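S.K.: Here you go, one structure.
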Amino acid sequence: MHSDGELDESKFVPDYNEELTPSQSSHGEPALTNTSSLCSMDLMILDEVRCSSDEVEDPKEPVNQLCADQTKEAVLDKPLPTRQEGAAYHCPLCQISLSGHVKRHVFRVHLPPFWGGNCNQCDSSASHTLSLVGQMGDQHFHNWCELVNGSLHLLGKWVGVDTLEQLLNFVVAHQLYPTVGHFTDTEIRLMSFYARHYSNHVPSQFQTSPPNHVICIIHWQVLCTVLRQLSPEKHNLFRTSRQSCGGLNNFAVVVDSHFHLDQMFARGIISECSEVFSPLAKLGQFQLLYAVANYVFPKHWSLWESQVSKNKQVRVTFGIHPHLSSRISLDMLSELRRLVALPECIVVGEIGIDMTTTCDCQHPCSRPACRKALLHSQMDILSELLVLAMETNKAVVLYCRDSGTGEAAKHVLQAIRMLDMEGHLFHRHCFTGSVSEAEEWMESLPSVLFGIFPKIYTDRSVQNDARFIPLERMILERDSPYLAACPAETVDVAREVAKLKALSIEDVLRSTSMNAARLNEYLFTRLTTLSSLLSEMLSGLSSEELEMSSESL
C-alpha cells in the first residue's frame with residue numbers, strides 16, 4: 001500500500017477486465033473474495049451486495065442517441081466476453097467477488113450518496129432524482145451540481161491539480177478512462193444542466209473515451225480508474241466526504257456580473273485578459289466561475305473578440321451607455337443588432353436613463369430644452385434596445401442614474417410597462433435606489449435582479465437595500481475599473497452582504513451565483529417554453545391543419 005496522498009504511477013492504465021470478465025481460480029472455481037482492502041462500510045453491506053439479484057450490466061445495451069455515432073463502431077468491432085455460468089465478477093476498487101450489478105455496487109459502496117442523483121445530506125424535499133432532470137431553474141439540481149463540484153475538487157486536490165480543467169487534462173493525459181463507455185439519457189440531461197450552469201461550454205455530445213468535458217468524469221468507470229490511483233483510505237474519505245449543498249467542499253463559486261474589460265485595456269490597467277483574474281487565484285477557497293464584460297462604448301465594440309480572446313472565464317454583453325444616446329447613428333444600431341445576435345452575447349445592455357448626462361453645448365448648461373432633448377434621445381434608444389431584447393429573447397442590464405430623486409428609474413420602468421415587458425428578466429445594475437423603490441420594482445417586475453456592488457462598504461442607503469432585498473433577488477458586481485480593480489472584490493462584497501444578513505459567505509455566493517446563471521439561461525428557458533407552447537398548440541390540429549400551418553411558416 002502506498003503512502004497517503006501518494007500516486008501509484010503503475011496504475012495509470014485502466015483495467016476493467018474484472019468488470020466484464022469473470023475471474024476464476026486455477027481449478028475453474030470462482031475466485032475467493034478479497035477483503036484485504038475493504039473499509040468497514042464495505043463489510044457492512046457485503047452480504048447485501050452478494051445477495052443482490054441484479055444482473056451484471058449488459059455491455060451491449062443500446063447507447064444513447066448523442067453518443068451513438070462515436071461508440072457504435074467500437075462496440076461492434078470489439079465483442080465483449082460472455083459470462084460463464086456461476087462465475088464471479090470483481091469490483092474494480094475493492095476486488096470483492098460479485099454475482100450482481102457491478103455498477104450498482106460501485107454507486108452503493110464507493111461513491112458519495114448524492115453522486116447517483118440523490119442527496120441524502122439534504123432533507124427529503126431536496127431530492128435530486130435523475131428522473132426529474134429537465135426542470136430548469138430547480139435549485140435542487142443546482143445543489144446536486146455543487147456537491148459534484150465539491151467531489152471533483154477533492155479529487156483534483158489529491159492528484160495535485162488546482163482547477164477542474166486541470167483535473168480533466170490529468171484524466172486524459174494518463175488515459176484514466178474506459179475504452180468503451182456511455183451515458184444514459186437521464187445522465188446526459190443532468191450533465192447538460194451542469195454544463196450550462198457550471199462551465200463555459202456545452203459539448204455537442206458527451207463522451208468517455210476520452211472524456212471531453214469535466215462533467216464526463218462522473219462516469220462510474222472513469223471515477224473508478226481515478227480512485228484506483230489513490231489509497232484505500234482516500235476511497236473511504238471520498239465516499240464519506242460531507243459537503244453541504246452550498247459548500248462545494250472547500251471551494252465557493254464566484255460570479256462577477258458586471259465589469260468593463262475594454263476600459264481596463266484602455267486605461268492601461270491590464271495588457272491581457274488573464275491579468276483580470278490573477279488576484280482571485282490567491283484566494284484559494286474561492287473559484288471564479290466567470291465574469292461578464294460589458295461593451296457599451298461603440299468605439300470599443302470591434303475590440304471585444306481580440307480582448308476576450310479564448311478566455312473561458314469571460315462572457316460578454318453589448319449595449320449603449322445612456323451618455324452616448326444622442327450620438328448614435330443608424331449604422332451603429334445596425335452593428336449593435338449584429339453583435340447582440342451573436343451566441344457569445346448573453347445579455348443586452350447596459351442600457352437605460354442617466355439624468356446626469358451633460359448636453360453638447362459649448363459650455364455645459366441646465367436649460368430645460370437641453371434636458372428634455374437628452375431624455376428624449378435616451379428614451380428612444382432604451383425603447384429600441386428593449387425591443388431588440390424581446391426579439392432575441394435575451395435578458396437586459398438596466399442603468400438608472402440621477403441625483404437621488406428616483407426620476408431615472410421611473411422613466412425606465414415606464415418604458416418597460418409601455419412595451420408589456422414586465423415578465424422579462426432584468427438586471428438592475430448597481431442599485432442605489434431606496435427601499436420603497438426596490439419594493440415597487442419587485443412588485444412590478446417579478447424576475448428583476450439587483451446588482452450589489454462595492455459601494456455597500458460605505459453607503460448606508462445601499463446597506464439598507466442589501467438588508468431588505470431577498471438573497472434570491474441579488475447578484476454581485478464590481479463595475480471595474482470604475483469601482484473596483486479585480487474579481488476578488490466580488491468576494492468582499494459577498495462578505496459584506498453576509499454580515500448584513502447574518503448569513504455565511506458561502507450561502508451568499510451560492511445564491512448570487514445561481515441568480516447570475518438565470519441571466520445566462522434566460523434564452524434557453526424562453527425558447528424551451530415557446531417550443532412547449534407550440535407543441536401543445538400543434539397537438540390539437542388535424543393533419544390538414546398541420547399542413548396548412550407548415551406552409552404558412
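Within each chain, counting starts at residue 1; across the C-alpha cells, chains are named A, B, ... in the order shown, with ligands numbered 1 upward in that order.
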How would you write, as a list in words, the set of residues in region 395-481 of chain A that DSSP gives as strand (DSSP E or B)?
M.R.: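 Restricting region 395-481 of chain A to strand (DSSP E or B) produces Ala395, Val396, Val397, Leu398, Tyr399, Cys400, Arg401, Phe426, His427, Arg428, Leu449, Phe450, Gly451, Ile452, Met474, Ile475 and Leu476 of chain A.
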S.K.: Those residues you just picked out, can you put them in a file as an mmCIF file, in the first residue's frame with N, CA and C atoms?
M.R.:
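The file below, selection_35.cif, is the result:
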data_model
loop_
_atom_site.group_PDB
_atom_site.id
_atom_site.type_symbol
_atom_site.label_atom_id
_atom_site.label_comp_id
_atom_site.auth_asym_id
_atom_site.auth_seq_id
_atom_site.Cartn_x
_atom_site.Cartn_y
_atom_site.Cartn_z
ATOM 1 N N ALA A 395 -31.956 38.564 -21.707
ATOM 2 C CA ALA A 395 -32.182 39.414 -20.547
ATOM 3 C C ALA A 395 -31.552 40.787 -20.781
ATOM 4 N N VAL A 396 -31.820 41.731 -19.873
ATOM 5 C CA VAL A 396 -31.401 43.119 -20.071
ATOM 6 C C VAL A 396 -30.710 43.652 -18.813
ATOM 7 N N VAL A 397 -29.583 44.355 -19.019
ATOM 8 C CA VAL A 397 -28.922 45.086 -17.934
ATOM 9 C C VAL A 397 -29.402 46.532 -17.981
ATOM 10 N N LEU A 398 -30.015 47.000 -16.901
ATOM 11 C CA LEU A 398 -30.604 48.345 -16.851
ATOM 12 C C LEU A 398 -29.740 49.296 -16.032
ATOM 13 N N TYR A 399 -29.585 50.500 -16.577
ATOM 14 C CA TYR A 399 -28.789 51.551 -15.936
ATOM 15 C C TYR A 399 -29.733 52.695 -15.578
ATOM 16 N N CYS A 400 -29.821 53.040 -14.296
ATOM 17 C CA CYS A 400 -30.674 54.137 -13.841
ATOM 18 C C CYS A 400 -29.859 55.036 -12.921
ATOM 19 N N ARG A 401 -29.686 56.301 -13.338
ATOM 20 C CA ARG A 401 -28.881 57.199 -12.514
ATOM 21 C C ARG A 401 -29.468 58.603 -12.538
ATOM 22 N N PHE A 426 -34.610 41.129 -15.861
ATOM 23 C CA PHE A 426 -33.796 42.345 -15.850
ATOM 24 C C PHE A 426 -32.751 42.281 -14.738
ATOM 25 N N HIS A 427 -31.597 42.869 -15.042
ATOM 26 C CA HIS A 427 -30.540 43.068 -14.055
ATOM 27 C C HIS A 427 -30.452 44.569 -13.806
ATOM 28 N N ARG A 428 -30.864 44.990 -12.628
ATOM 29 C CA ARG A 428 -30.791 46.407 -12.244
ATOM 30 C C ARG A 428 -29.374 46.696 -11.759
ATOM 31 N N LEU A 449 -33.444 41.355 -10.917
ATOM 32 C CA LEU A 449 -32.315 41.087 -10.033
ATOM 33 C C LEU A 449 -31.581 42.396 -9.766
ATOM 34 N N PHE A 450 -31.143 42.610 -8.543
ATOM 35 C CA PHE A 450 -30.490 43.855 -8.159
ATOM 36 C C PHE A 450 -28.991 43.621 -7.984
ATOM 37 N N GLY A 451 -28.197 44.443 -8.660
ATOM 38 C CA GLY A 451 -26.750 44.343 -8.555
ATOM 39 C C GLY A 451 -26.242 45.007 -7.293
ATOM 40 N N ILE A 452 -25.542 44.247 -6.440
ATOM 41 C CA ILE A 452 -24.931 44.776 -5.221
ATOM 42 C C ILE A 452 -23.434 44.953 -5.502
ATOM 43 N N MET A 474 -30.612 38.988 -5.644
ATOM 44 C CA MET A 474 -29.320 39.683 -5.672
ATOM 45 C C MET A 474 -28.337 39.021 -6.626
ATOM 46 N N ILE A 475 -27.509 39.846 -7.254
ATOM 47 C CA ILE A 475 -26.300 39.373 -7.917
ATOM 48 C C ILE A 475 -25.170 40.333 -7.531
ATOM 49 N N LEU A 476 -23.943 39.896 -7.674
ATOM 50 C CA LEU A 476 -22.783 40.674 -7.252
ATOM 51 C C LEU A 476 -22.056 41.235 -8.461
#
S.K.: As a ChimeraX atom specification, please: every residue in region 307-525 of chain A that a backbone DSSP assignment puts in alpha helix (DSSP H).
M.R.: /A:307-308,330-340,368-392,407-418,435-444,460-468,488-501,505-525
S.K.: Measuring atom to atom with only C-alpha atoms, identify which of A:Arg108, A:His197, A:Arg460, A:Lys234 is nearest to Cys145 (chain A).
M.R.: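 Ranked by minimum distance to Cys145 (chain A), first place goes to A:His197.
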S.K.: To one decimal in Å, tell me the separation between CA of Ser444 (chain A) and CA of Ala415 (chain A).
M.R.: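 Distance between the two atoms: 12.4 Å.
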